[in-house]
Amino acid sequence: MDFENKIRLFITIAFFIVASSNSYVLKAQCTQNNIVVAKYELRDINGNPFTITDNYQIGQAVTGELWVNLGGTTTNGYNLFMTYDIYRNGVLTQSQQKDCLFSGIQIAQNVFVRVRDVTWNWGDKFDIKNIFMTWDTGTAQAGTTCPQDQRVANAQCYSNPEGFTAVLPLYPNFTFSSVCNFTGAVNFTNNTTGGVSPYKYKWNFGGAGSSTQTDPTTQKNPIFTFAQPGNYNVSLTVTDNINTITTVTKTISIPNIISISAVINPTQINGSTGNIDVSVTGGTASYTYLWTYPNGSTRTTEDISLLAKGTYSLLVTDAKGCTQTAQFTVNDLLTPNFTYAPTLCNTRIQFTNTTAGGTPPVTYTYSWDFDNNGISDSNLANPVNDFPNSGTFPITLTVNDGVSTTTIEKDIFIDPNLGIIVDIFPTKKDDSSGMIYTNVSGGTEPYIYSWTGPDGYTSTSKDIFNLRDGTYTLVVTDSNGCQQTEEYTLDIATILGFNLAKFQLLAQKSKILINWEVTNEKENCVYEIERSNGNAKAFSIIGTVRGDGAKSTPSNYSFVDQSYPLYEDKFYYRITQNSSLEVSYSPVKMVEKQDFLKPQGSWQVFPNPCSECKIFLTKTENENPSIVRLELLNSYQILQTKDLILDDSGVIDLNAVFGSIPKGLSILKIEWGAKIETLKLIGVN
């Protein structure tokens, strides 16, 4: 080797030694640069280039590969030895990395070839710096490789301290978030990676608006206000520093405000029968529910039931964490009801409304139907109504609370014993002169009598005499102005001509007992029992009893009537005495069906009604209770309760026990041993 070549080889070896120990050799020191680095690229673990469809998120750890593209003016290099430093986000993470490429083969140029495996986080800036390469020139020598201790004299080199950024494909990407309970403003977060920064951005907000500004500071993460909720196809177009242009489009959903509605069913008063059925719209399904009860307990179901009266709070959370609250109140069920009591007159009834419940603020309106004809008779809360007579009447009360309407119907019973009771007893003086006697009870004495009859007949007497045939009407008025009217048609020919000592009617459950006694009778007498249904105008024979024969001593007779019609309320009876010489009639007696229901109990009250007198209770059966409990009730309210020791007389002075008995109807409840009985008291003091 001549001297000149020895000098050249020495300089090359010295340069290599220096470059190998110091990667900061300036590019000018490698004047050949016959082979250069064009660019680096990061690829996936399989060596495939990344694409826009890869679903990597910013910060996600990635294992992939580093690839290089070589260029230059020569095509006869081989055994390429490369050293470099790796920087991630501007920080040196791997120093003096060494790789041997194209061992024993010709260097490939203008194509990407794999360098090594590398790891990074998606979105990192991945730089290759302080690059230094050497290679052999000429025809590739099989079986040779790096390192450079095998280098021939014509070795070449390349250096680049500034290096390259390993490029990913330009990858536009963004996320978005809108505030809860729609205001229209949506925040967009730009996550673009790849390409070569800096970037320029262009947004299209699904036809609702666009942005063509290119200032990265204002357009990278815009806030756009949409006019209304809905689905929008938002596009982001990114242009990098080498004019690569890529667009990504995403559909964003802007939900309505969470809205909560409910159907609320009230609870029965003092019960737990209410429920709340909610419906939720808006927000982003699915929803979670948190109920808070009035007592502080919680539930997580959508709907709740078995609820007592009170306010229930609901928190609804949607899939994005947006929330909405609501409160619902379960009210008592609108429950119409009433009590009733007679006023001074037995058929004049005072109604007291006891309606409860309803939807606040409660303002009740009322409709009363007293005669069961479907027409409102009063709109008052507590009306008074005059009924035509005593008996049972269906009463309908309809109440509206401003939200709903509810109707209740129940029967009231007007006891005929509460007011004036008039009994008429007709007889005759002779065949042309009749007489009518009256018996009046109930009401408040003294009574005023007003009679009218045929041919302008009038009288203010209790009993009237010297009457002719015809219809007579009596109006009895008590001291409170209460009245009772009775009408009787007198037929003197039908009034009994025989002497009655006794004529009684006794109602016992399903039969009526008829008893009469005559002081004397003629031979071959037959007694015909006649009944008129509903009034005293249409008598018919229902049975006969043969007399004992001519005698001047009293005779007692009886008959049992079990054939009366069930559809009538009143029955009138008379006795006809038939003999071979004449036909005579008894006075007319009346019995009411409600008398059949009177209890045949162990106790009796006398006298009853009572005015300014003591009321006594006497036991009628042969029993000897030691302790008796008395409970006095008036208008469905307990007034007093007393426990007594009964003495041998079996008589209790109720005035001594309870004081003055209240005016009107009272109920006396008697308990002795295992037995219970109730009696009606009519106080008229």
# chains A, B, ... in the order shown; residues from 1 in each chain; ligands from 1
>>> residues_around(residues="A:Ala674", least_positions_apart="3", cutoff="12 Å", atoms="only C-alpha atoms", output="mmCIF file with N, CA, C and O atoms, in the first residue's frame")
data_model
loop_
_atom_site.group_PDB
_atom_site.id
_atom_site.type_symbol
_atom_site.label_atom_id
_atom_site.label_comp_id
_atom_site.auth_asym_id
_atom_site.auth_seq_id
_atom_site.Cartn_x
_atom_site.Cartn_y
_atom_site.Cartn_z
ATOM 1 N N PRO A 625 -128.065 -10.699 87.417
ATOM 2 C CA PRO A 625 -126.685 -10.234 87.235
ATOM 3 C C PRO A 625 -126.265 -9.367 88.408
ATOM 4 O O PRO A 625 -127.086 -8.682 89.023
ATOM 5 N N ILE A 627 -123.208 -7.331 88.275
ATOM 6 C CA ILE A 627 -122.591 -6.098 87.761
ATOM 7 C C ILE A 627 -123.169 -5.795 86.388
ATOM 8 O O ILE A 627 -123.250 -6.676 85.530
ATOM 9 N N VAL A 628 -123.598 -4.546 86.187
ATOM 10 C CA VAL A 628 -124.163 -4.101 84.914
ATOM 11 C C VAL A 628 -123.363 -2.895 84.444
ATOM 12 O O VAL A 628 -123.105 -1.973 85.232
ATOM 13 N N ARG A 629 -122.962 -2.912 83.171
ATOM 14 C CA ARG A 629 -122.290 -1.752 82.569
ATOM 15 C C ARG A 629 -123.283 -1.047 81.659
ATOM 16 O O ARG A 629 -123.884 -1.662 80.776
ATOM 17 N N ILE A 670 -126.564 -1.929 77.308
ATOM 18 C CA ILE A 670 -126.481 -2.645 78.577
ATOM 19 C C ILE A 670 -125.640 -3.896 78.385
ATOM 20 O O ILE A 670 -125.883 -4.678 77.460
ATOM 21 N N GLU A 671 -124.629 -4.076 79.217
ATOM 22 C CA GLU A 671 -123.804 -5.274 79.202
ATOM 23 C C GLU A 671 -123.886 -5.949 80.572
ATOM 24 O O GLU A 671 -123.700 -5.307 81.608
ATOM 25 N N GLU A 677 -127.333 -5.684 75.152
ATOM 26 C CA GLU A 677 -128.627 -5.277 74.617
ATOM 27 C C GLU A 677 -128.648 -3.768 74.501
ATOM 28 O O GLU A 677 -127.985 -3.060 75.286
#
>>> residues_around(residues="A:Asn69", least_positions_apart="6", cutoff="8 Å", atoms="only C-alpha atoms", output="number ranges by chain")
A: 37-40, 109-113
>>> residues_around(residues="A:Gly207", least_positions_apart="5", cutoff="9 Å", atoms="only C-alpha atoms", output="PDB file with all heavy atoms, in the first residue's frame")
ATOM      1  N   TYR A 232     -76.186  15.336  15.796  1.00  0.00           N
ATOM      2  CA  TYR A 232     -75.465  16.132  14.802  1.00  0.00           C
ATOM      3  C   TYR A 232     -74.211  15.376  14.362  1.00  0.00           C
ATOM      4  O   TYR A 232     -73.482  14.833  15.205  1.00  0.00           O
ATOM      5  CB  TYR A 232     -75.054  17.490  15.383  1.00  0.00           C
ATOM      6  CG  TYR A 232     -76.220  18.367  15.783  1.00  0.00           C
ATOM      7  CD1 TYR A 232     -76.763  18.266  17.056  1.00  0.00           C
ATOM      8  CD2 TYR A 232     -76.778  19.271  14.891  1.00  0.00           C
ATOM      9  CE1 TYR A 232     -77.837  19.063  17.437  1.00  0.00           C
ATOM     10  CE2 TYR A 232     -77.846  20.078  15.262  1.00  0.00           C
ATOM     11  CZ  TYR A 232     -78.375  19.968  16.539  1.00  0.00           C
ATOM     12  OH  TYR A 232     -79.434  20.748  16.902  1.00  0.00           O
ATOM     13  N   ASN A 233     -73.934  15.362  13.035  1.00  0.00           N
ATOM     14  CA  ASN A 233     -72.715  14.766  12.473  1.00  0.00           C
ATOM     15  C   ASN A 233     -71.644  15.852  12.387  1.00  0.00           C
ATOM     16  O   ASN A 233     -71.650  16.683  11.475  1.00  0.00           O
ATOM     17  CB  ASN A 233     -72.988  14.165  11.093  1.00  0.00           C
ATOM     18  CG  ASN A 233     -73.921  12.985  11.164  1.00  0.00           C
ATOM     19  OD1 ASN A 233     -73.869  12.197  12.100  1.00  0.00           O
ATOM     20  ND2 ASN A 233     -74.795  12.864  10.178  1.00  0.00           N
ATOM     21  N   VAL A 234     -70.743  15.848  13.369  1.00  0.00           N
ATOM     22  CA  VAL A 234     -69.709  16.882  13.468  1.00  0.00           C
ATOM     23  C   VAL A 234     -68.418  16.377  12.817  1.00  0.00           C
ATOM     24  O   VAL A 234     -67.974  15.253  13.091  1.00  0.00           O
ATOM     25  CB  VAL A 234     -69.455  17.256  14.940  1.00  0.00           C
ATOM     26  CG1 VAL A 234     -68.312  18.262  15.051  1.00  0.00           C
ATOM     27  CG2 VAL A 234     -70.732  17.829  15.556  1.00  0.00           C
TER      28      VAL A 234
END
>>> residues_around(residues="stretch 461-469 of chain A", least_positions_apart="2", cutoff="7 Å", atoms="only C-alpha atoms", output="compact mmCIF listing (two decimals) with C-alpha atoms, in the first residue's frame")
# COMPACT_ATOMS: atom_id res chain seq x y z
CA SER A 432 -176.25 8.68 63.65
CA SER A 433 -173.47 10.09 65.81
CA GLY A 434 -169.83 9.06 65.64
CA MET A 435 -166.89 9.87 67.94
CA ILE A 436 -163.10 9.95 67.47
CA TYR A 437 -160.66 9.69 70.36
CA THR A 438 -156.96 10.44 69.89
CA TYR A 449 -155.05 20.18 67.72
CA SER A 459 -162.34 21.77 65.93
CA LEU A 490 -165.50 7.72 59.44
CA ASP A 491 -168.29 5.25 58.54
CA ILE A 492 -170.65 5.07 61.52
>>> atom_distance(atom1="atom CA of A:Ser666", atom2="atom CA of A:Thr392")
18.4 Å
>>> select_by_dssp(residues="stretch 412-596 of chain A", states="strand (DSSP E)", output="NGL selection string")
:A and (412-414 or 421-430 or 433-441 or 448-453 or 457-459 or 464-467 or 470-477 or 483-490 or 500-508 or 511-518 or 526-533 or 540-546 or 555-561 or 570-578 or 583-585 or 589-592)
>>> atom_distance(atom1="atom CA of A:Arg88", atom2="atom CA of A:Leu168")
13.9 Å
>>> residues_around(residues="stretch 398-411 of chain A", least_positions_apart="4", cutoff="12 Å", atoms="only C-alpha atoms", output="PyMOL selection string")
chain A and resi 265-266+331-340+353-372+374-381+391-394
>>> residues_around(residues="A:Asp127", least_positions_apart="4", cutoff="6 Å", atoms="only C-alpha atoms", output="list in words")
Ile86, Tyr87, Phe164, Thr165 and Ala166 of chain A
>>> atom_distance(atom1="atom CA of A:Val196", atom2="atom CA of A:Ile128")
14.5 Å
>>> select_by_dssp(residues="stretch 430-573 of chain A", states="helix (DSSP H, G or I)", output="PyMOL selection string")
chain A and resi 454-456+492-494
>>> residues_around(residues="A:Ala341", least_positions_apart="5", cutoff="10 Å", atoms="only C-alpha atoms", output="PyMOL selection string")
chain A and resi 346-352+384+412-414+634-636+664-665
>>> decode(residues="stretch 112-125 of chain A", atoms="N, CA, C and O atoms", output="PDB file, in the first residue's frame")
ATOM      1  N   PHE A 112     -39.337   1.663   3.117  1.00  0.00           N
ATOM      2  CA  PHE A 112     -39.234   1.553   4.565  1.00  0.00           C
ATOM      3  C   PHE A 112     -38.778   0.159   4.944  1.00  0.00           C
ATOM      4  O   PHE A 112     -39.279  -0.840   4.419  1.00  0.00           O
ATOM      5  N   VAL A 113     -37.798   0.129   5.867  1.00  0.00           N
ATOM      6  CA  VAL A 113     -37.321  -1.146   6.383  1.00  0.00           C
ATOM      7  C   VAL A 113     -37.365  -1.079   7.911  1.00  0.00           C
ATOM      8  O   VAL A 113     -37.241  -0.014   8.515  1.00  0.00           O
ATOM      9  N   ARG A 114     -37.609  -2.237   8.535  1.00  0.00           N
ATOM     10  CA  ARG A 114     -37.745  -2.308   9.982  1.00  0.00           C
ATOM     11  C   ARG A 114     -36.403  -2.081  10.666  1.00  0.00           C
ATOM     12  O   ARG A 114     -35.384  -2.634  10.255  1.00  0.00           O
ATOM     13  N   VAL A 115     -36.409  -1.284  11.760  1.00  0.00           N
ATOM     14  CA  VAL A 115     -35.209  -1.048  12.544  1.00  0.00           C
ATOM     15  C   VAL A 115     -35.261  -1.883  13.816  1.00  0.00           C
ATOM     16  O   VAL A 115     -34.384  -2.705  14.073  1.00  0.00           O
ATOM     17  N   ARG A 116     -36.326  -1.716  14.663  1.00  0.00           N
ATOM     18  CA  ARG A 116     -36.413  -2.444  15.929  1.00  0.00           C
ATOM     19  C   ARG A 116     -37.814  -2.246  16.530  1.00  0.00           C
ATOM     20  O   ARG A 116     -38.603  -1.419  16.088  1.00  0.00           O
ATOM     21  N   ASP A 117     -38.113  -2.998  17.629  1.00  0.00           N
ATOM     22  CA  ASP A 117     -39.322  -2.800  18.426  1.00  0.00           C
ATOM     23  C   ASP A 117     -39.137  -1.604  19.345  1.00  0.00           C
ATOM     24  O   ASP A 117     -38.050  -1.399  19.909  1.00  0.00           O
ATOM     25  N   VAL A 118     -40.211  -0.821  19.510  1.00  0.00           N
ATOM     26  CA  VAL A 118     -40.184   0.321  20.422  1.00  0.00           C
ATOM     27  C   VAL A 118     -41.537   0.423  21.135  1.00  0.00           C
ATOM     28  O   VAL A 118     -42.543  -0.122  20.674  1.00  0.00           O
ATOM     29  N   THR A 119     -41.570   1.121  22.266  1.00  0.00           N
ATOM     30  CA  THR A 119     -42.820   1.379  22.993  1.00  0.00           C
ATOM     31  C   THR A 119     -42.953   2.868  23.249  1.00  0.00           C
ATOM     32  O   THR A 119     -41.952   3.578  23.416  1.00  0.00           O
ATOM     33  N   TRP A 120     -44.198   3.330  23.321  1.00  0.00           N
ATOM     34  CA  TRP A 120     -44.486   4.731  23.617  1.00  0.00           C
ATOM     35  C   TRP A 120     -45.957   4.839  24.029  1.00  0.00           C
ATOM     36  O   TRP A 120     -46.697   3.849  23.997  1.00  0.00           O
ATOM     37  N   ASN A 121     -46.358   6.012  24.409  1.00  0.00           N
ATOM     38  CA  ASN A 121     -47.766   6.288  24.685  1.00  0.00           C
ATOM     39  C   ASN A 121     -48.355   7.048  23.518  1.00  0.00           C
ATOM     40  O   ASN A 121     -47.752   8.005  23.009  1.00  0.00           O
ATOM     41  N   TRP A 122     -49.556   6.618  23.136  1.00  0.00           N
ATOM     42  CA  TRP A 122     -50.185   7.216  21.953  1.00  0.00           C
ATOM     43  C   TRP A 122     -50.310   8.725  22.162  1.00  0.00           C
ATOM     44  O   TRP A 122     -50.766   9.189  23.199  1.00  0.00           O
ATOM     45  N   GLY A 123     -49.832   9.459  21.165  1.00  0.00           N
ATOM     46  CA  GLY A 123     -49.836  10.914  21.246  1.00  0.00           C
ATOM     47  C   GLY A 123     -48.473  11.492  21.592  1.00  0.00           C
ATOM     48  O   GLY A 123     -48.290  12.711  21.522  1.00  0.00           O
ATOM     49  N   ASP A 124     -47.492  10.631  22.013  1.00  0.00           N
ATOM     50  CA  ASP A 124     -46.145  11.131  22.298  1.00  0.00           C
ATOM     51  C   ASP A 124     -45.482  11.640  21.020  1.00  0.00           C
ATOM     52  O   ASP A 124     -45.713  11.111  19.913  1.00  0.00           O
ATOM     53  N   LYS A 125     -44.621  12.645  21.186  1.00  0.00           N
ATOM     54  CA  LYS A 125     -43.746  13.085  20.082  1.00  0.00           C
ATOM     55  C   LYS A 125     -42.475  12.233  20.161  1.00  0.00           C
ATOM     56  O   LYS A 125     -41.765  12.244  21.150  1.00  0.00           O
TER      57      LYS A 125
END
